[in-house]
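Note: the block below is work_33.csv and it holds CSV, C-alpha atoms.
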chain,number,residue,atom,x,y,z
A,51,MET,CA,0.0,0.0,0.0
A,52,LYS,CA,1.2,3.4,-0.8
A,53,LEU,CA,-0.9,5.2,1.9
A,54,VAL,CA,0.4,5.3,5.5
A,55,GLU,CA,-1.6,6.7,8.4
A,56,ILE,CA,0.5,8.5,10.9
A,57,VAL,CA,-1.5,8.3,14.2
A,58,THR,CA,-1.1,11.2,16.6
A,59,HIS,CA,-2.1,11.7,20.2
A,60,ASP,CA,-1.7,14.5,22.8
A,61,ARG,CA,1.3,12.8,24.5
A,62,ALA,CA,3.5,12.6,21.4
A,63,ALA,CA,6.9,14.3,21.7
A,64,PRO,CA,7.2,17.6,19.8
A,65,GLY,CA,8.3,17.0,16.2
A,66,ILE,CA,7.7,13.3,16.3
A,67,THR,CA,4.8,13.6,13.8
A,68,ASP,CA,6.9,15.5,11.3
A,69,ARG,CA,9.7,12.9,11.7
A,70,ALA,CA,7.3,10.1,11.0
A,71,VAL,CA,5.9,11.9,7.9
A,72,ALA,CA,9.4,12.5,6.6
A,73,PHE,CA,10.4,8.8,7.2
A,74,ALA,CA,7.2,7.6,5.4
A,75,ARG,CA,8.1,9.8,2.5
A,76,GLN,CA,11.6,8.4,2.4
A,77,LEU,CA,10.1,4.9,2.1
A,78,GLY,CA,8.1,6.1,-0.9
A,79,LYS,CA,4.8,6.2,1.0
A,80,GLU,CA,2.1,8.8,1.0
A,81,PRO,CA,1.5,9.7,4.6
A,82,ILE,CA,-1.7,11.2,6.1
A,83,VAL,CA,-1.9,12.4,9.7
A,84,VAL,CA,-4.9,11.3,11.8
A,85,LYS,CA,-5.9,11.5,15.4
A,86,ASP,CA,-6.0,8.4,17.5
A,87,SER,CA,-9.6,7.4,17.0
A,88,PRO,CA,-11.4,4.1,16.3
A,89,GLY,CA,-10.9,3.1,12.7
A,90,PHE,CA,-8.6,6.1,12.0
A,91,ALA,CA,-9.3,7.5,8.6
A,92,SER,CA,-9.0,4.8,6.0
A,93,SER,CA,-11.1,2.2,7.7
A,94,ARG,CA,-13.8,4.7,8.5
A,95,LEU,CA,-14.0,5.8,4.9
A,96,GLY,CA,-13.7,2.2,3.6
A,97,VAL,CA,-16.6,1.2,5.7
A,98,VAL,CA,-18.9,3.8,4.2
A,99,LEU,CA,-17.9,2.8,0.7
A,100,GLY,CA,-18.0,-0.9,1.5
A,101,LEU,CA,-21.5,-0.6,2.9
A,102,GLU,CA,-22.7,1.2,-0.2
A,103,ALA,CA,-21.2,-1.5,-2.4
A,104,MET,CA,-23.1,-4.1,-0.3
A,105,ARG,CA,-26.3,-2.1,-0.7
A,106,MET,CA,-25.8,-1.8,-4.5
A,107,LEU,CA,-25.2,-5.5,-4.8
A,108,GLU,CA,-28.2,-6.4,-2.6
A,109,GLN,CA,-30.5,-4.1,-4.5
A,110,GLY,CA,-29.3,-5.5,-7.9
A,111,VAL,CA,-27.9,-2.1,-9.0
A,112,ALA,CA,-24.9,-3.9,-10.5
A,113,SER,CA,-23.1,-7.2,-10.3
A,114,ALA,CA,-20.2,-7.7,-7.9
A,115,GLU,CA,-18.0,-7.8,-11.0
A,116,ASP,CA,-19.3,-4.5,-12.4
A,117,ILE,CA,-19.0,-2.8,-9.0
A,118,ASP,CA,-15.5,-4.1,-8.8
A,119,LYS,CA,-14.7,-2.8,-12.3
A,120,GLN,CA,-15.9,0.7,-11.3
A,121,TRP,CA,-13.6,0.7,-8.3
A,122,SER,CA,-10.6,-0.8,-10.1
A,123,SER,CA,-10.9,1.8,-12.9
A,124,GLY,CA,-11.0,4.7,-10.4
A,125,THR,CA,-9.1,3.5,-7.4
A,126,THR,CA,-6.9,0.6,-6.4
A,127,ILE,CA,-9.4,-0.6,-3.8
A,128,ARG,CA,-11.5,-3.6,-5.0
A,129,TRP,CA,-14.6,-3.8,-2.8
A,130,ALA,CA,-16.9,-6.2,-4.4
A,131,ALA,CA,-14.3,-8.9,-5.2
A,132,GLN,CA,-13.3,-8.8,-1.6
A,133,ALA,CA,-16.6,-10.3,-0.7
A,134,HIS,CA,-15.2,-13.7,-1.8
A,135,GLY,CA,-12.1,-13.7,0.5
A,136,SER,CA,-10.7,-12.5,3.8
A,137,GLY,CA,-11.1,-8.8,4.3
A,138,GLY,CA,-14.4,-9.0,2.3
A,139,LEU,CA,-17.7,-7.3,2.8
A,140,ASP,CA,-18.5,-9.4,5.8
A,141,VAL,CA,-15.4,-8.0,7.5
A,142,ARG,CA,-16.4,-4.5,6.5
A,143,LEU,CA,-19.8,-4.9,7.9
A,144,ALA,CA,-18.3,-6.1,11.2
A,145,ILE,CA,-16.0,-3.0,11.2
A,146,ALA,CA,-19.0,-0.8,10.5
A,147,GLN,CA,-21.0,-2.3,13.4
A,148,TYR,CA,-18.0,-1.8,15.7
A,149,LEU,CA,-17.5,1.8,14.7
A,150,HIS,CA,-21.2,2.5,15.1
A,151,ALA,CA,-21.2,1.1,18.6
A,152,THR,CA,-17.9,2.8,19.5
A,153,LEU,CA,-18.5,6.2,18.0
A,154,LYS,CA,-22.2,6.4,18.6
A,155,LEU,CA,-22.8,7.7,15.1
A,156,PRO,CA,-26.3,7.8,13.7
A,157,THR,CA,-27.1,5.4,10.9
A,158,THR,CA,-27.4,6.7,7.3
A,159,SER,CA,-30.0,4.1,6.2
A,160,ALA,CA,-33.2,3.0,7.7
A,161,HIS,CA,-32.8,-0.4,6.1
A,162,HIS,CA,-29.2,-1.3,7.2
A,163,PRO,CA,-27.6,-0.9,10.7
A,164,ALA,CA,-24.2,0.8,10.4

Structure encoded using structure tokens:
Amino acid sequence: MKLVEIVTHDRAAPGITDRAVAFARQLGKEPIVVKDSPGFASSRLGVVLGLEAMRMLEQGVASAEDIDKQWSSGTTIRWAAQAHGSGGLDVRLAIAQYLHATLKLPTTSAHHPA
């Protein structure tokens, strides 16, 4: 993966975040800085997109293969195809349920618990 999340917190030594960002860049990675929070940034965004992929598949909007083609043409993340292996849509649903319970966020759909 090219993206690296640099997780910060209030007790971090001054300058440590900048050093971590610089180190990640030296490794050829693209760092983002996030606060220490359940799911950080990429998992929380991934859950939202994964849930929508599940809804689209469930509603017959498109096949798993076509949903996957859309993602693979616009991003390196392959959501629908992951439904058939580890890290699939079932895992994303479990992550969504954990984040919902932990963050106490309202659901976005009356039909599906987040």

Residue nearest Asp140 in chain A - candidates A:Arg69, A:Ala114, A:Gly100, A:Lys85, atoms counted: only C-alpha atoms =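 Closest to Asp140 in chain A of all the choices is A:Gly100.
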
The distance between CA of Ala70 in chain A and CA of Val83 in chain A is 9.6 Å

From CA of Ile56 in chain A to CA of Pro81 in chain A the spacing works out at 6.5 Å

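Atom to atom, CA of Pro88 in chain A and CA of Thr58 in chain A stand 12.5 Å apart.
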
(request) Write out as an MDAnalysis selection string each polymer residue whose atoms come within 8 Å of range 74-79 of chain A, counting all atoms listed in the file; drop sequence neighbours fewer than 5 positions from it. (result) chainID A and resid 51:54

Report as lines of an AutoDock Vina configuration file the centre and the edge lengths, in Å to one decimal, of the axis-aligned box holding every listed atom of range 98-109 of chain A, padded by 8 Å on each side.
center_x = -24.2
center_y = -1.3
center_z = -0.3
size_x = 28.6
size_y = 26.2
size_z = 25.0

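Proximity to Leu143 in chain A was assessed for A:Ala112, A:Met104, A:Val57, A:Val84 counting all atoms listed in the file; the smallest distance is recorded for A:Met104.
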
For Ser87 in chain A, which of A:Ser122, A:Thr152, A:Thr67, A:Gln109 is the closest residue, counting only C-alpha atoms?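 Of all the options, A:Thr152 lies closest to Ser87 in chain A.
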
Between A:Glu55, A:Lys154, A:Gln120, A:Arg94, smallest distance to Glu80 in chain A by all atoms listed in the file belongs to A:Glu55

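Proximity ranking of A:Leu101, A:Ile117, A:Leu153, A:Val111 relative to Val141 in chain A places A:Leu101 first, based on only C-alpha atoms.
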